[in-house]
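Q: Pasting in a structure now, in structure tokens, and then I'll have a few things to ask.
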Amino acid sequence: MDSTQRLSAVIEQHEASLLEGWLAAQEAHLPIRPGERVAERKTASAAFLHALRSGLVQNSPLDDLRHEGWSPLRALLTELSQDSAREGRSAVDAAQLYLTFLRPLSEQLLASCAREEFLPTLWDATRLIESIGLHITSVYQRARDDIIRRQQQEMLELSTPVIKVWDGILALPIIGTLDSARTQTVMENLLQRVVETGSDIAIIDITGVPTVDTLTAQHLLKTVTATRLMGGECIISGIRPQIAQTLVQLGVDLGDVLTRSTLAGALALALSRRRLTIAPVEGAQESVPREDAH
Amino acid sequence: MDRIPILRMGGFLLVTIQVDVHDQLANRLPEELTATIAETDARGVLIEISSLEMVDSFIGRVLGNIAEMSKLLSARTVLVGMTPAVAITLVELGISLPGVHTALDVDRGMAMLRELDSEDARFGEVAPAPAG
């Protein structure tokens with residue numbers, strides 16, 4: 001009999017008491033939280049034991065979870081990890097709950113195995129339980145990475161709106177870092193809208209851009225140049241004092257690109273370039289009275 | 001007929017580049033254009049490129065050269081109708097066409113040409129085009 005067969009036999013013969021012992025160990029390590037139900041833990045643990053047994057019965061290698069015989073077990077663990085990732089729960093906790101199985105298992109092995117068989121079997125069982133723990137955390141990691149990537153994509157799409165502020169004047173408030181991927185999106189969006197709306201002035205506001213380095217400045221300049229080539233004109237607004245300092249210190253030359261420190265200033269400039277001005281209505285009061293003023 | 005037509009409009013010339021030009025055609029254009037500017041005493045050239053889907057650095061250079069040659073002949077050049085795709089390509093190629101005025105469409109291009117022309121008449125010389 002080898003370790004696999006011994007483990008299989010032990011688990012089969014003592015399933016009920018192993019389950020009970022394991023639930024107790026879980027409770028001791030990670031007490032049930034409000035919102036979690038005991039029945040859920042019990043069902044999950046029983047399902048785990050079942051999957052473990054099915055793998056052992058097929059003589060799956062104890063040191064390779066990728067073996068076919070372990071696929072029901074892997075499927076169970078993957079589902080568990082992905083649920084944790086989706087719900088923002090820690091995979092470490094989940095992994096550790098499974099590691100606590102080693103406690104009732106080792107006690108049972110001590111009781112059931114012959115003296116010289118105990119340690120080798122325990123060692124093999126430990127390696128199996130450890131790879132289960134590692135599998136849980138690696139699946140979790142991958143699920144989190146997928147979520148992050150998806151959120152990044154969404155942010156990219158949401159965060160570069162092109163807004164028409166007046167006839168012939170577009171505004172592009174940029175929030176967040178401007179990397180090359182984003183510049184491409186920003187540039188394509190803006191140029192497309194320039195054509196669609198027939199606007200010849202675009203205000204690129206960088207109030208929401210945390211830092212501007214040489215690369216960011218180059219990206220901005222690319223956008224400005226492309227707009228100019230099409231017959232439009234860009235004004236860069238929202239240049240904070242720190243950014244002005246950084247740009248000069250880095251020796252970045254914005255050439256003859258028009259800049260303003262505020263969007264309001266840029267709008268005033270854009271209007272004047274279109275030969276427009278904002279003037280008070282003649283003979284009006286300070287402000288239009290509200291309709292519900294009684 | 002395998003040439004790019006050059007139309008006369010008031011004291012200006014209008015060139016529409018309809019298809020993606022191959023090198024031979026592009027080579028002849030500066031020659032024909034400058035000849036026509038001299039012949040007609042044109043004060044400005046409008047080059048319409050909204051049908052141009054692809055450009056390379058060669059076309060970019062040709063356009064830049066045309067602008068410089070025309071300036072020497074006291075005519076301004078305005079490029080109109082560049083598509084976003086072409087603009088992005090030129091920028092990626094590092095081409096900014098510094099000597100060339102640009103406008104969104106023919107209407108604005110003509111308005112720009114007339115304004116530049118009246119500026120020239122006032123100041124008596126061809127005012128500098130925007131830097132790249």
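Naming scheme: A, B, ... for chains in displayed order of the structure tokens; residues 1 onward per chain; ligands 1 onward as shown.
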Excluding stretch 40-47 of chain B and its own-chain neighbours fewer than 5 positions away, which residues fall within 6 Å of it when counting only C-alpha atoms? Please give them as JSON, numbers by chain.
A: {"B": [11, 12, 13, 14, 15, 16, 75, 76, 77, 78, 79]}
Q: Let me see the file: selected residues, N, CA and C atoms, as a PDB file, in the first residue's frame.
A:
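Generated file (again-v8.pdb):
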ATOM      1  N   GLY B  11      -8.693  84.878 -57.707  1.00  0.00           N
ATOM      2  CA  GLY B  11      -7.244  84.963 -57.862  1.00  0.00           C
ATOM      3  C   GLY B  11      -6.538  83.773 -57.236  1.00  0.00           C
ATOM      4  N   PHE B  12      -7.283  82.707 -56.995  1.00  0.00           N
ATOM      5  CA  PHE B  12      -6.719  81.558 -56.293  1.00  0.00           C
ATOM      6  C   PHE B  12      -6.778  80.293 -57.134  1.00  0.00           C
ATOM      7  N   LEU B  13      -6.018  79.284 -56.707  1.00  0.00           N
ATOM      8  CA  LEU B  13      -6.021  77.991 -57.380  1.00  0.00           C
ATOM      9  C   LEU B  13      -6.563  76.941 -56.430  1.00  0.00           C
ATOM     10  N   LEU B  14      -7.331  76.022 -56.991  1.00  0.00           N
ATOM     11  CA  LEU B  14      -7.866  74.932 -56.172  1.00  0.00           C
ATOM     12  C   LEU B  14      -7.393  73.599 -56.725  1.00  0.00           C
ATOM     13  N   VAL B  15      -6.769  72.827 -55.895  1.00  0.00           N
ATOM     14  CA  VAL B  15      -6.286  71.497 -56.286  1.00  0.00           C
ATOM     15  C   VAL B  15      -6.973  70.464 -55.406  1.00  0.00           C
ATOM     16  N   THR B  16      -7.648  69.489 -56.031  1.00  0.00           N
ATOM     17  CA  THR B  16      -8.254  68.417 -55.231  1.00  0.00           C
ATOM     18  C   THR B  16      -7.515  67.125 -55.515  1.00  0.00           C
ATOM     19  N   ALA B  75       2.572  83.346 -53.251  1.00  0.00           N
ATOM     20  CA  ALA B  75       1.237  82.757 -53.089  1.00  0.00           C
ATOM     21  C   ALA B  75       1.223  81.967 -51.788  1.00  0.00           C
ATOM     22  N   ARG B  76       0.067  81.976 -51.100  1.00  0.00           N
ATOM     23  CA  ARG B  76      -0.040  81.211 -49.867  1.00  0.00           C
ATOM     24  C   ARG B  76      -0.623  79.838 -50.167  1.00  0.00           C
ATOM     25  N   THR B  77      -0.332  78.876 -49.307  1.00  0.00           N
ATOM     26  CA  THR B  77      -0.927  77.556 -49.480  1.00  0.00           C
ATOM     27  C   THR B  77      -1.748  77.214 -48.254  1.00  0.00           C
ATOM     28  N   VAL B  78      -2.974  76.753 -48.478  1.00  0.00           N
ATOM     29  CA  VAL B  78      -3.769  76.251 -47.365  1.00  0.00           C
ATOM     30  C   VAL B  78      -4.177  74.817 -47.680  1.00  0.00           C
ATOM     31  N   LEU B  79      -3.936  73.939 -46.719  1.00  0.00           N
ATOM     32  CA  LEU B  79      -4.269  72.527 -46.885  1.00  0.00           C
ATOM     33  C   LEU B  79      -5.589  72.283 -46.151  1.00  0.00           C
TER      34      LEU B  79
END
Q: Give me the residues near stretch 175-182 of chain A as a short mmCIF file (atom, residue, chain, number, x, y, z; two decimals) with N, CA and C atoms, in the first residue's frame, where near means some atom within 10 Å (using only C-alpha atoms) and where sequence neighbours in that chain fewer than 2 positions away do not count.
A:
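Now in selection.cif:
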data_model
loop_
_atom_site.label_atom_id
_atom_site.label_comp_id
_atom_site.auth_asym_id
_atom_site.auth_seq_id
_atom_site.Cartn_x
_atom_site.Cartn_y
_atom_site.Cartn_z
N MET A 155 -12.05 52.31 -17.29
CA MET A 155 -11.63 53.66 -16.93
C MET A 155 -11.11 54.38 -18.16
N LEU A 156 -10.36 53.68 -18.96
CA LEU A 156 -9.82 54.27 -20.18
C LEU A 156 -10.94 54.77 -21.05
N GLU A 157 -12.00 53.97 -21.18
CA GLU A 157 -13.09 54.37 -22.06
C GLU A 157 -13.91 55.50 -21.48
N LEU A 158 -14.11 55.47 -20.17
CA LEU A 158 -14.95 56.49 -19.56
C LEU A 158 -14.28 57.84 -19.43
N SER A 159 -12.96 57.81 -19.31
CA SER A 159 -12.33 59.02 -18.81
C SER A 159 -11.81 59.96 -19.88
N THR A 160 -12.19 59.80 -21.12
CA THR A 160 -11.76 60.78 -22.11
C THR A 160 -12.94 61.28 -22.94
N PRO A 161 -13.89 61.95 -22.31
CA PRO A 161 -15.01 62.47 -23.08
C PRO A 161 -14.60 63.72 -23.84
N LEU A 172 -11.79 69.00 -23.71
CA LEU A 172 -11.35 67.63 -23.46
C LEU A 172 -10.72 67.59 -22.07
N PRO A 173 -11.49 67.34 -21.02
CA PRO A 173 -10.90 67.27 -19.68
C PRO A 173 -10.26 65.91 -19.47
N GLN A 184 -3.26 57.76 -27.60
CA GLN A 184 -3.81 57.28 -28.86
C GLN A 184 -5.32 57.42 -28.85
N THR A 185 -5.96 56.95 -27.77
CA THR A 185 -7.41 57.02 -27.66
C THR A 185 -7.87 58.47 -27.67
N VAL A 186 -7.23 59.29 -26.85
CA VAL A 186 -7.60 60.71 -26.76
C VAL A 186 -7.50 61.37 -28.12
N MET A 187 -6.38 61.14 -28.80
CA MET A 187 -6.14 61.76 -30.09
C MET A 187 -7.20 61.35 -31.10
N GLU A 188 -7.46 60.03 -31.20
CA GLU A 188 -8.44 59.54 -32.17
C GLU A 188 -9.82 60.11 -31.89
N ASP A 205 -7.83 70.18 -21.24
CA ASP A 205 -7.62 70.59 -19.87
C ASP A 205 -6.90 69.51 -19.09
N ILE A 206 -5.78 69.86 -18.48
CA ILE A 206 -4.99 68.85 -17.77
C ILE A 206 -4.99 69.05 -16.26
N THR A 207 -6.04 69.73 -15.75
CA THR A 207 -6.13 69.90 -14.30
C THR A 207 -6.07 68.55 -13.59
N GLY A 208 -6.71 67.54 -14.21
CA GLY A 208 -6.78 66.23 -13.58
C GLY A 208 -5.61 65.31 -13.88
N VAL A 209 -4.58 65.83 -14.52
CA VAL A 209 -3.42 65.00 -14.80
C VAL A 209 -2.40 65.23 -13.68
N PRO A 210 -2.10 64.20 -12.89
CA PRO A 210 -1.29 64.40 -11.69
C PRO A 210 0.13 64.89 -11.95
N THR A 211 0.82 64.25 -12.88
CA THR A 211 2.17 64.71 -13.17
C THR A 211 2.37 64.81 -14.67
N VAL A 212 3.15 65.76 -15.06
CA VAL A 212 3.47 65.89 -16.47
C VAL A 212 4.98 65.78 -16.61
N ASP A 213 5.43 64.73 -17.27
CA ASP A 213 6.87 64.61 -17.51
C ASP A 213 7.14 64.81 -19.00
N LEU A 215 7.65 62.74 -21.34
CA LEU A 215 6.86 61.84 -22.19
C LEU A 215 5.42 62.32 -22.32
N THR A 216 4.81 62.72 -21.20
CA THR A 216 3.44 63.21 -21.24
C THR A 216 3.36 64.44 -22.13
N ALA A 217 4.33 65.34 -21.96
CA ALA A 217 4.34 66.56 -22.76
C ALA A 217 4.42 66.21 -24.25
N GLN A 218 5.27 65.20 -24.57
CA GLN A 218 5.36 64.77 -25.97
C GLN A 218 4.02 64.27 -26.47
N HIS A 219 3.33 63.50 -25.64
CA HIS A 219 2.01 62.99 -26.03
C HIS A 219 1.06 64.13 -26.30
N LEU A 220 1.07 65.13 -25.42
CA LEU A 220 0.19 66.28 -25.62
C LEU A 220 0.53 66.99 -26.92
#
Q: Based on only C-alpha atoms, which of the residues in chain B come within 8 Å of chain A? I want them as a list in words.
A: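 Every residue of chain B that passes the 8 Å test is in Leu79, Val80, Gly81, Met82, Thr83, Pro84, Ala87, Ile88, Leu90, Val91, Glu92, Ser96, Leu97, His101, Thr102, Ala103, Leu104, Asp105, Ala131 and Gly132 of chain B.
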Q: I need the residues from that last selection saved to file as a PDB file, in the first residue's frame (with N, CA and C atoms), if you can.
A:
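Saved file result.pdb follows:
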ATOM      1  N   LEU B  79      -3.936  73.939 -46.719  1.00  0.00           N
ATOM      2  CA  LEU B  79      -4.269  72.527 -46.885  1.00  0.00           C
ATOM      3  C   LEU B  79      -5.589  72.283 -46.151  1.00  0.00           C
ATOM      4  N   VAL B  80      -6.586  71.710 -46.837  1.00  0.00           N
ATOM      5  CA  VAL B  80      -7.849  71.486 -46.135  1.00  0.00           C
ATOM      6  C   VAL B  80      -8.303  70.038 -46.226  1.00  0.00           C
ATOM      7  N   GLY B  81      -9.130  69.665 -45.230  1.00  0.00           N
ATOM      8  CA  GLY B  81      -9.834  68.392 -45.275  1.00  0.00           C
ATOM      9  C   GLY B  81      -9.013  67.190 -44.881  1.00  0.00           C
ATOM     10  N   MET B  82      -7.912  67.397 -44.168  1.00  0.00           N
ATOM     11  CA  MET B  82      -7.130  66.231 -43.772  1.00  0.00           C
ATOM     12  C   MET B  82      -7.942  65.341 -42.850  1.00  0.00           C
ATOM     13  N   THR B  83      -7.921  64.024 -43.097  1.00  0.00           N
ATOM     14  CA  THR B  83      -8.677  63.118 -42.238  1.00  0.00           C
ATOM     15  C   THR B  83      -7.885  62.816 -40.963  1.00  0.00           C
ATOM     16  N   PRO B  84      -8.591  62.430 -39.882  1.00  0.00           N
ATOM     17  CA  PRO B  84      -7.916  62.080 -38.638  1.00  0.00           C
ATOM     18  C   PRO B  84      -6.827  61.021 -38.841  1.00  0.00           C
ATOM     19  N   ALA B  87      -3.801  62.584 -40.348  1.00  0.00           N
ATOM     20  CA  ALA B  87      -3.147  63.476 -39.376  1.00  0.00           C
ATOM     21  C   ALA B  87      -2.321  62.662 -38.386  1.00  0.00           C
ATOM     22  N   ILE B  88      -2.918  61.582 -37.869  1.00  0.00           N
ATOM     23  CA  ILE B  88      -2.214  60.751 -36.898  1.00  0.00           C
ATOM     24  C   ILE B  88      -0.977  60.115 -37.533  1.00  0.00           C
ATOM     25  N   LEU B  90       0.844  61.236 -40.027  1.00  0.00           N
ATOM     26  CA  LEU B  90       1.891  62.248 -40.205  1.00  0.00           C
ATOM     27  C   LEU B  90       2.591  62.559 -38.885  1.00  0.00           C
ATOM     28  N   VAL B  91       1.781  62.679 -37.817  1.00  0.00           N
ATOM     29  CA  VAL B  91       2.372  62.984 -36.515  1.00  0.00           C
ATOM     30  C   VAL B  91       3.292  61.845 -36.067  1.00  0.00           C
ATOM     31  N   GLU B  92       2.839  60.599 -36.270  1.00  0.00           N
ATOM     32  CA  GLU B  92       3.675  59.464 -35.888  1.00  0.00           C
ATOM     33  C   GLU B  92       4.968  59.441 -36.700  1.00  0.00           C
ATOM     34  N   SER B  96       5.302  67.599 -39.327  1.00  0.00           N
ATOM     35  CA  SER B  96       4.341  68.571 -38.810  1.00  0.00           C
ATOM     36  C   SER B  96       4.027  69.672 -39.818  1.00  0.00           C
ATOM     37  N   LEU B  97       4.611  69.572 -41.016  1.00  0.00           N
ATOM     38  CA  LEU B  97       4.348  70.531 -42.086  1.00  0.00           C
ATOM     39  C   LEU B  97       4.400  71.974 -41.607  1.00  0.00           C
ATOM     40  N   HIS B 101      -0.286  76.382 -43.954  1.00  0.00           N
ATOM     41  CA  HIS B 101      -1.521  76.710 -43.245  1.00  0.00           C
ATOM     42  C   HIS B 101      -2.505  75.574 -43.436  1.00  0.00           C
ATOM     43  N   THR B 102      -3.376  75.381 -42.459  1.00  0.00           N
ATOM     44  CA  THR B 102      -4.364  74.316 -42.605  1.00  0.00           C
ATOM     45  C   THR B 102      -5.737  74.820 -42.178  1.00  0.00           C
ATOM     46  N   ALA B 103      -6.774  74.216 -42.742  1.00  0.00           N
ATOM     47  CA  ALA B 103      -8.135  74.575 -42.348  1.00  0.00           C
ATOM     48  C   ALA B 103      -9.006  73.332 -42.431  1.00  0.00           C
ATOM     49  N   LEU B 104     -10.127  73.367 -41.702  1.00  0.00           N
ATOM     50  CA  LEU B 104     -10.969  72.182 -41.610  1.00  0.00           C
ATOM     51  C   LEU B 104     -11.651  71.823 -42.932  1.00  0.00           C
ATOM     52  N   ASP B 105     -12.106  72.838 -43.662  1.00  0.00           N
ATOM     53  CA  ASP B 105     -12.829  72.547 -44.900  1.00  0.00           C
ATOM     54  C   ASP B 105     -12.605  73.650 -45.919  1.00  0.00           C
ATOM     55  N   ALA B 131       4.625  78.118 -37.317  1.00  0.00           N
ATOM     56  CA  ALA B 131       5.707  77.141 -37.152  1.00  0.00           C
ATOM     57  C   ALA B 131       5.100  75.792 -36.798  1.00  0.00           C
ATOM     58  N   GLY B 132       5.826  74.697 -37.026  1.00  0.00           N
ATOM     59  CA  GLY B 132       5.356  73.338 -36.738  1.00  0.00           C
ATOM     60  C   GLY B 132       5.061  73.202 -35.265  1.00  0.00           C
TER      61      GLY B 132
END
Q: In Å, rounded to a single decimal, give me how far atom CA of A:Ile235 is from atom CA of B:Asn65.
A: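 Straight-line distance from atom CA of B:Asn65 to atom CA of A:Ile235 works out to 28.0 Å.
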Q: Name the residues of chain B that come out as strand (DSSP E) in a backbone DSSP run; write them as a PyMOL selection string.
A: chain B and resi 6-9+12-16+44-48+76-80+101-103
Q: Mind writing the picked residues with N, CA and C atoms as a compact mmCIF listing (two decimals), in the first residue's frame?
A:
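Output file part.txt follows:
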# COMPACT_ATOMS: atom_id res chain seq x y z
N ILE B 6 -5.95 71.32 -61.83
CA ILE B 6 -5.75 72.56 -61.08
C ILE B 6 -6.79 73.56 -61.57
N LEU B 7 -7.71 73.93 -60.66
CA LEU B 7 -8.80 74.82 -61.05
C LEU B 7 -8.51 76.25 -60.62
N ARG B 8 -9.04 77.21 -61.40
CA ARG B 8 -8.87 78.61 -61.05
C ARG B 8 -10.14 79.12 -60.41
N MET B 9 -9.98 79.92 -59.33
CA MET B 9 -11.16 80.44 -58.62
C MET B 9 -10.81 81.84 -58.14
N PHE B 12 -7.28 82.71 -56.99
CA PHE B 12 -6.72 81.56 -56.29
C PHE B 12 -6.78 80.29 -57.13
N LEU B 13 -6.02 79.28 -56.71
CA LEU B 13 -6.02 77.99 -57.38
C LEU B 13 -6.56 76.94 -56.43
N LEU B 14 -7.33 76.02 -56.99
CA LEU B 14 -7.87 74.93 -56.17
C LEU B 14 -7.39 73.60 -56.72
N VAL B 15 -6.77 72.83 -55.90
CA VAL B 15 -6.29 71.50 -56.29
C VAL B 15 -6.97 70.46 -55.41
N THR B 16 -7.65 69.49 -56.03
CA THR B 16 -8.25 68.42 -55.23
C THR B 16 -7.52 67.13 -55.51
N GLY B 44 -2.99 82.60 -54.10
CA GLY B 44 -3.09 81.55 -53.09
C GLY B 44 -3.47 80.22 -53.71
N VAL B 45 -3.13 79.15 -53.02
CA VAL B 45 -3.46 77.80 -53.48
C VAL B 45 -4.18 77.05 -52.37
N LEU B 46 -5.32 76.44 -52.72
CA LEU B 46 -6.05 75.61 -51.77
C LEU B 46 -5.88 74.17 -52.20
N ILE B 47 -5.30 73.34 -51.32
CA ILE B 47 -5.12 71.93 -51.65
C ILE B 47 -6.07 71.12 -50.80
N GLU B 48 -7.00 70.43 -51.46
CA GLU B 48 -8.05 69.69 -50.76
C GLU B 48 -7.68 68.22 -50.74
N ARG B 76 0.07 81.98 -51.10
CA ARG B 76 -0.04 81.21 -49.87
C ARG B 76 -0.62 79.84 -50.17
N THR B 77 -0.33 78.88 -49.31
CA THR B 77 -0.93 77.56 -49.48
C THR B 77 -1.75 77.21 -48.25
N VAL B 78 -2.97 76.75 -48.48
CA VAL B 78 -3.77 76.25 -47.37
C VAL B 78 -4.18 74.82 -47.68
N LEU B 79 -3.94 73.94 -46.72
CA LEU B 79 -4.27 72.53 -46.89
C LEU B 79 -5.59 72.28 -46.15
N VAL B 80 -6.59 71.71 -46.84
CA VAL B 80 -7.85 71.49 -46.14
C VAL B 80 -8.30 70.04 -46.23
N HIS B 101 -0.29 76.38 -43.95
CA HIS B 101 -1.52 76.71 -43.24
C HIS B 101 -2.51 75.57 -43.44
N THR B 102 -3.38 75.38 -42.46
CA THR B 102 -4.36 74.32 -42.60
C THR B 102 -5.74 74.82 -42.18
N ALA B 103 -6.77 74.22 -42.74
CA ALA B 103 -8.13 74.58 -42.35
C ALA B 103 -9.01 73.33 -42.43
Q: Would you list the contacts of A:Glu27 as a ChimeraX atom specification, taking every protein, DNA or RNA residue within 12 Å and counting only C-alpha atoms, but skipping same-chain residues closer than 2 positions in sequence?
A: /A:20-25,29-33,36-38,41-42,96-98,100-101
Q: Quick one, how far is atom CA of A:Ala51 from atom CA of A:Pro72?
A: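 Spanning atom CA of A:Ala51 to atom CA of A:Pro72 is a straight-line distance of 5.9 Å.
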Q: Between A:Met1, A:Ile201, A:Ala44, A:Leu73, which is the closest to A:Cys113 once you count only C-alpha atoms?
A: A:Met1
Q: Could you check how far atom CA of A:Gln141 sits from atom CA of A:Ala85, in Å to one decimal?
A: 7.9 Å
